[in-house]
Amino acid sequence: MKDRLVRFGVSLEGELLRRFDAHIGGEGYGNRSKAIADLIRKEFVADSFSKGGPVAGAVTIVYDHHRREVVNRLLGIQHDHGGIIISAQHVHLDHDNCLEIIAVKGPGARVKALADVLKSVKGVKHSTLSVTCTGR
Ligand code: NI
């Protein structure tokens, strides 16, 4: 069931509000309400992640599949973290490079640990961790 919307007043310095409006306008927001709600959720996600609470997200890695053992190491790591990996998508980028997008859900500390071990594998050229909320 959708929660009831509540109106509230906020007092801000004029210059700060002007900059906020310009910023959210540039990002495509049609009004302040959605922009403020998104900022609040972003803060909650960051807080949950920093405290090891539940998060969902994606680890993205690019690696050279010709590098010795890199494919086996990455597979082994993923099997060891089966509890927090929801799915993985593999894309053959070009002759040498593979892109893997690994969807994860679980405690922030475990998600971070997985992202850290994946990026430390020799042959992994770049990796990112994108963390979002579990939707709750
Ligand atoms: Ni590939």
# chains A, B, ... in the order shown; residues from 1 in each chain; ligands from 1
>>> residues_near_ligand(ligand="ligand 1", cutoff="7 Å", atoms="only C-alpha atoms and all ligand atoms", output="PyMOL selection string")
chain A and resi 65+90-93+97-99
>>> select_by_dssp(residues="chain A", states="helix (DSSP H, G or I)", output="ChimeraX atom specification")
/A:14-26,32-50,70-80,108-119
>>> select_by_dssp(residues="chain A", states="strand (DSSP E)", output="VMD selection string")
chain A and resid 54 to 64 85 to 92 97 to 107 124 to 132
>>> residues_around(residues="stretch 112-117 of chain A", least_positions_apart="4", cutoff="9 Å", atoms="only C-alpha atoms", output="list in words")
Phe49, Gly52, Val59, Thr60, Ile77, Gln78, His81, Ile84, Pro107, Gly108, Val121, Ser127, Thr128 and Leu129 of chain A
>>> write_last_selection(atoms="all heavy atoms", output="mmCIF file, in the first residue's frame")
data_model
loop_
_atom_site.group_PDB
_atom_site.id
_atom_site.type_symbol
_atom_site.label_atom_id
_atom_site.label_comp_id
_atom_site.auth_asym_id
_atom_site.auth_seq_id
_atom_site.Cartn_x
_atom_site.Cartn_y
_atom_site.Cartn_z
ATOM 1 N N PHE A 49 24.866 1.366 3.634
ATOM 2 C CA PHE A 49 26.081 0.753 3.073
ATOM 3 C C PHE A 49 27.245 0.913 4.042
ATOM 4 O O PHE A 49 27.975 -0.044 4.312
ATOM 5 C CB PHE A 49 26.395 1.384 1.717
ATOM 6 C CG PHE A 49 27.589 0.784 1.033
ATOM 7 C CD1 PHE A 49 27.644 -0.563 0.730
ATOM 8 C CD2 PHE A 49 28.667 1.580 0.694
ATOM 9 C CE1 PHE A 49 28.740 -1.118 0.096
ATOM 10 C CE2 PHE A 49 29.769 1.039 0.054
ATOM 11 C CZ PHE A 49 29.813 -0.318 -0.236
ATOM 12 N N GLY A 52 27.142 -1.433 6.863
ATOM 13 C CA GLY A 52 27.073 -2.849 6.529
ATOM 14 C C GLY A 52 25.654 -3.370 6.400
ATOM 15 O O GLY A 52 25.424 -4.571 6.369
ATOM 16 N N VAL A 59 28.251 -4.942 -9.544
ATOM 17 C CA VAL A 59 29.702 -4.835 -9.717
ATOM 18 C C VAL A 59 29.950 -5.010 -11.208
ATOM 19 O O VAL A 59 29.472 -5.972 -11.814
ATOM 20 C CB VAL A 59 30.458 -5.936 -8.937
ATOM 21 C CG1 VAL A 59 31.962 -5.753 -9.104
ATOM 22 C CG2 VAL A 59 30.064 -5.939 -7.470
ATOM 23 N N THR A 60 30.643 -4.057 -11.811
ATOM 24 C CA THR A 60 30.953 -4.130 -13.231
ATOM 25 C C THR A 60 32.466 -4.259 -13.388
ATOM 26 O O THR A 60 33.212 -3.472 -12.803
ATOM 27 C CB THR A 60 30.467 -2.854 -13.946
ATOM 28 O OG1 THR A 60 29.069 -2.700 -13.694
ATOM 29 C CG2 THR A 60 30.674 -2.960 -15.448
ATOM 30 N N ILE A 77 35.715 -16.933 -7.505
ATOM 31 C CA ILE A 77 35.282 -15.891 -6.557
ATOM 32 C C ILE A 77 33.763 -15.779 -6.564
ATOM 33 O O ILE A 77 33.122 -15.689 -5.515
ATOM 34 C CB ILE A 77 35.935 -14.537 -6.916
ATOM 35 C CG1 ILE A 77 37.445 -14.583 -6.646
ATOM 36 C CG2 ILE A 77 35.281 -13.405 -6.139
ATOM 37 C CD1 ILE A 77 38.219 -13.447 -7.280
ATOM 38 N N GLN A 78 33.169 -15.813 -7.764
ATOM 39 C CA GLN A 78 31.714 -15.683 -7.846
ATOM 40 C C GLN A 78 31.005 -16.879 -7.208
ATOM 41 O O GLN A 78 29.977 -16.718 -6.540
ATOM 42 C CB GLN A 78 31.272 -15.481 -9.300
ATOM 43 C CG GLN A 78 31.686 -14.116 -9.843
ATOM 44 C CD GLN A 78 31.150 -13.856 -11.235
ATOM 45 O OE1 GLN A 78 29.951 -13.906 -11.456
ATOM 46 N NE2 GLN A 78 32.048 -13.583 -12.176
ATOM 47 N N HIS A 81 30.811 -16.525 -3.550
ATOM 48 C CA HIS A 81 29.914 -15.463 -3.067
ATOM 49 C C HIS A 81 28.485 -15.657 -3.587
ATOM 50 O O HIS A 81 27.747 -14.687 -3.765
ATOM 51 C CB HIS A 81 30.440 -14.087 -3.480
ATOM 52 C CG HIS A 81 31.724 -13.711 -2.795
ATOM 53 N ND1 HIS A 81 32.941 -14.217 -3.176
ATOM 54 C CD2 HIS A 81 31.968 -12.899 -1.742
ATOM 55 C CE1 HIS A 81 33.894 -13.718 -2.390
ATOM 56 N NE2 HIS A 81 33.327 -12.917 -1.515
ATOM 57 N N ILE A 84 25.257 -13.813 -2.220
ATOM 58 C CA ILE A 84 24.896 -12.410 -2.460
ATOM 59 C C ILE A 84 24.821 -12.066 -3.952
ATOM 60 O O ILE A 84 24.468 -10.946 -4.300
ATOM 61 C CB ILE A 84 25.869 -11.420 -1.750
ATOM 62 C CG1 ILE A 84 27.304 -11.630 -2.213
ATOM 63 C CG2 ILE A 84 25.734 -11.535 -0.256
ATOM 64 C CD1 ILE A 84 28.238 -10.520 -1.750
ATOM 65 N N PRO A 107 24.256 -7.778 2.668
ATOM 66 C CA PRO A 107 24.848 -6.813 3.588
ATOM 67 C C PRO A 107 25.943 -6.003 2.894
ATOM 68 O O PRO A 107 26.757 -6.558 2.150
ATOM 69 C CB PRO A 107 25.450 -7.699 4.683
ATOM 70 C CG PRO A 107 24.755 -9.012 4.564
ATOM 71 C CD PRO A 107 24.416 -9.168 3.108
ATOM 72 N N GLY A 108 25.950 -4.689 3.141
ATOM 73 C CA GLY A 108 26.910 -3.795 2.492
ATOM 74 C C GLY A 108 28.351 -4.254 2.640
ATOM 75 O O GLY A 108 29.139 -4.158 1.697
ATOM 76 N N VAL A 121 41.903 -8.846 -8.762
ATOM 77 C CA VAL A 121 42.368 -9.962 -9.592
ATOM 78 C C VAL A 121 43.222 -9.431 -10.745
ATOM 79 O O VAL A 121 42.845 -8.477 -11.435
ATOM 80 C CB VAL A 121 41.168 -10.757 -10.153
ATOM 81 C CG1 VAL A 121 41.620 -11.795 -11.183
ATOM 82 C CG2 VAL A 121 40.400 -11.429 -9.022
ATOM 83 N N SER A 127 36.988 -1.671 -12.632
ATOM 84 C CA SER A 127 35.835 -2.220 -11.930
ATOM 85 C C SER A 127 35.107 -1.106 -11.206
ATOM 86 O O SER A 127 35.713 -0.141 -10.733
ATOM 87 C CB SER A 127 36.336 -3.303 -10.967
ATOM 88 O OG SER A 127 35.942 -3.056 -9.666
ATOM 89 N N THR A 128 33.797 -1.207 -11.156
ATOM 90 C CA THR A 128 33.006 -0.239 -10.399
ATOM 91 C C THR A 128 31.993 -0.984 -9.540
ATOM 92 O O THR A 128 31.577 -2.095 -9.867
ATOM 93 C CB THR A 128 32.218 0.723 -11.313
ATOM 94 O OG1 THR A 128 31.303 -0.027 -12.107
ATOM 95 C CG2 THR A 128 33.132 1.534 -12.218
ATOM 96 N N LEU A 129 31.634 -0.353 -8.445
ATOM 97 C CA LEU A 129 30.556 -0.874 -7.601
ATOM 98 C C LEU A 129 29.492 0.210 -7.525
ATOM 99 O O LEU A 129 29.778 1.334 -7.111
ATOM 100 C CB LEU A 129 31.079 -1.203 -6.192
ATOM 101 C CG LEU A 129 30.002 -1.485 -5.133
ATOM 102 C CD1 LEU A 129 29.138 -2.676 -5.519
ATOM 103 C CD2 LEU A 129 30.647 -1.708 -3.767
#
>>> residues_around(residues="A:Phe8", least_positions_apart="3", cutoff="12 Å", atoms="only C-alpha atoms", output="list in words")
Leu5, Ser11, Ser33 and Ile36 of chain A
>>> atom_distance(atom1="atom CA of A:Val111", atom2="atom CA of A:Val131")
8.9 Å
>>> closest_residue(among="A:Asp3, A:Glu15, A:Tyr63, A:Lys51", to="A:Asp94", atoms="only C-alpha atoms")
A:Tyr63
>>> residues_around(residues="A:Lys105", least_positions_apart="6", cutoff="9 Å", atoms="only C-alpha atoms", output="list in words")
Pro54, Val55, Ala56, Gly57, Ala58, Gly83, Ile84, Ile85, Ile86, Val111 and Thr134 of chain A
>>> write_last_selection(atoms="all heavy atoms", output="PDB file, in the first residue's frame")
ATOM      1  N   PRO A  54      21.641  -3.740   4.619  1.00  0.00           N
ATOM      2  CA  PRO A  54      21.245  -4.340   3.347  1.00  0.00           C
ATOM      3  C   PRO A  54      21.273  -3.354   2.174  1.00  0.00           C
ATOM      4  O   PRO A  54      20.743  -2.254   2.275  1.00  0.00           O
ATOM      5  CB  PRO A  54      19.812  -4.825   3.607  1.00  0.00           C
ATOM      6  CG  PRO A  54      19.319  -3.973   4.717  1.00  0.00           C
ATOM      7  CD  PRO A  54      20.523  -3.646   5.560  1.00  0.00           C
ATOM      8  N   VAL A  55      21.898  -3.771   1.090  1.00  0.00           N
ATOM      9  CA  VAL A  55      21.935  -2.982  -0.146  1.00  0.00           C
ATOM     10  C   VAL A  55      21.770  -3.928  -1.336  1.00  0.00           C
ATOM     11  O   VAL A  55      21.880  -5.142  -1.203  1.00  0.00           O
ATOM     12  CB  VAL A  55      23.279  -2.216  -0.317  1.00  0.00           C
ATOM     13  CG1 VAL A  55      23.440  -1.148   0.751  1.00  0.00           C
ATOM     14  CG2 VAL A  55      24.468  -3.159  -0.315  1.00  0.00           C
ATOM     15  N   ALA A  56      21.477  -3.335  -2.476  1.00  0.00           N
ATOM     16  CA  ALA A  56      21.499  -4.079  -3.735  1.00  0.00           C
ATOM     17  C   ALA A  56      22.386  -3.268  -4.667  1.00  0.00           C
ATOM     18  O   ALA A  56      22.660  -2.094  -4.411  1.00  0.00           O
ATOM     19  CB  ALA A  56      20.092  -4.206  -4.307  1.00  0.00           C
ATOM     20  N   GLY A  57      22.844  -3.869  -5.750  1.00  0.00           N
ATOM     21  CA  GLY A  57      23.702  -3.111  -6.650  1.00  0.00           C
ATOM     22  C   GLY A  57      24.312  -3.953  -7.740  1.00  0.00           C
ATOM     23  O   GLY A  57      23.829  -5.069  -8.014  1.00  0.00           O
ATOM     24  N   ALA A  58      25.348  -3.405  -8.342  1.00  0.00           N
ATOM     25  CA  ALA A  58      26.014  -4.097  -9.433  1.00  0.00           C
ATOM     26  C   ALA A  58      27.521  -3.859  -9.374  1.00  0.00           C
ATOM     27  O   ALA A  58      27.969  -2.738  -9.142  1.00  0.00           O
ATOM     28  CB  ALA A  58      25.483  -3.614 -10.776  1.00  0.00           C
ATOM     29  N   GLY A  83      25.874 -16.521  -2.266  1.00  0.00           N
ATOM     30  CA  GLY A  83      24.805 -16.049  -1.398  1.00  0.00           C
ATOM     31  C   GLY A  83      24.372 -14.627  -1.647  1.00  0.00           C
ATOM     32  O   GLY A  83      23.247 -14.257  -1.320  1.00  0.00           O
ATOM     33  N   ILE A  84      25.257 -13.813  -2.220  1.00  0.00           N
ATOM     34  CA  ILE A  84      24.896 -12.410  -2.460  1.00  0.00           C
ATOM     35  C   ILE A  84      24.821 -12.066  -3.952  1.00  0.00           C
ATOM     36  O   ILE A  84      24.468 -10.946  -4.300  1.00  0.00           O
ATOM     37  CB  ILE A  84      25.869 -11.420  -1.750  1.00  0.00           C
ATOM     38  CG1 ILE A  84      27.304 -11.630  -2.213  1.00  0.00           C
ATOM     39  CG2 ILE A  84      25.734 -11.535  -0.256  1.00  0.00           C
ATOM     40  CD1 ILE A  84      28.238 -10.520  -1.750  1.00  0.00           C
ATOM     41  N   ILE A  85      25.170 -13.024  -4.815  1.00  0.00           N
ATOM     42  CA  ILE A  85      25.105 -12.756  -6.257  1.00  0.00           C
ATOM     43  C   ILE A  85      23.759 -13.238  -6.798  1.00  0.00           C
ATOM     44  O   ILE A  85      23.396 -14.408  -6.644  1.00  0.00           O
ATOM     45  CB  ILE A  85      26.272 -13.425  -7.014  1.00  0.00           C
ATOM     46  CG1 ILE A  85      27.590 -12.775  -6.587  1.00  0.00           C
ATOM     47  CG2 ILE A  85      26.071 -13.314  -8.528  1.00  0.00           C
ATOM     48  CD1 ILE A  85      28.828 -13.412  -7.192  1.00  0.00           C
ATOM     49  N   ILE A  86      23.025 -12.324  -7.407  1.00  0.00           N
ATOM     50  CA  ILE A  86      21.710 -12.654  -7.960  1.00  0.00           C
ATOM     51  C   ILE A  86      21.857 -13.189  -9.378  1.00  0.00           C
ATOM     52  O   ILE A  86      21.249 -14.177  -9.759  1.00  0.00           O
ATOM     53  CB  ILE A  86      20.798 -11.406  -7.989  1.00  0.00           C
ATOM     54  CG1 ILE A  86      20.635 -10.811  -6.591  1.00  0.00           C
ATOM     55  CG2 ILE A  86      19.444 -11.742  -8.604  1.00  0.00           C
ATOM     56  CD1 ILE A  86      20.072  -9.402  -6.601  1.00  0.00           C
ATOM     57  N   VAL A 111      29.000  -7.101   0.206  1.00  0.00           N
ATOM     58  CA  VAL A 111      29.001  -6.600  -1.176  1.00  0.00           C
ATOM     59  C   VAL A 111      30.325  -5.885  -1.459  1.00  0.00           C
ATOM     60  O   VAL A 111      30.955  -6.088  -2.488  1.00  0.00           O
ATOM     61  CB  VAL A 111      27.792  -5.653  -1.402  1.00  0.00           C
ATOM     62  CG1 VAL A 111      27.939  -4.867  -2.688  1.00  0.00           C
ATOM     63  CG2 VAL A 111      26.493  -6.465  -1.410  1.00  0.00           C
ATOM     64  N   THR A 134      17.454  -1.686  -1.534  1.00  0.00           N
ATOM     65  CA  THR A 134      16.779  -2.925  -1.895  1.00  0.00           C
ATOM     66  C   THR A 134      15.342  -2.669  -2.287  1.00  0.00           C
ATOM     67  O   THR A 134      14.581  -3.589  -2.547  1.00  0.00           O
ATOM     68  CB  THR A 134      16.817  -3.913  -0.710  1.00  0.00           C
ATOM     69  OG1 THR A 134      16.199  -3.276   0.415  1.00  0.00           O
ATOM     70  CG2 THR A 134      18.230  -4.310  -0.345  1.00  0.00           C
TER      71      THR A 134
END
>>> atom_distance(atom1="atom CA of A:Val62", atom2="atom CA of A:Gly123")
8.7 Å
>>> closest_residue(among="A:Leu12, A:Ile102, A:Val6, A:Ala22", to="A:Ala37", atoms="only C-alpha atoms")
A:Val6
>>> atom_distance(atom1="atom CA of A:Leu16", atom2="atom CA of A:Gly30")
18.1 Å
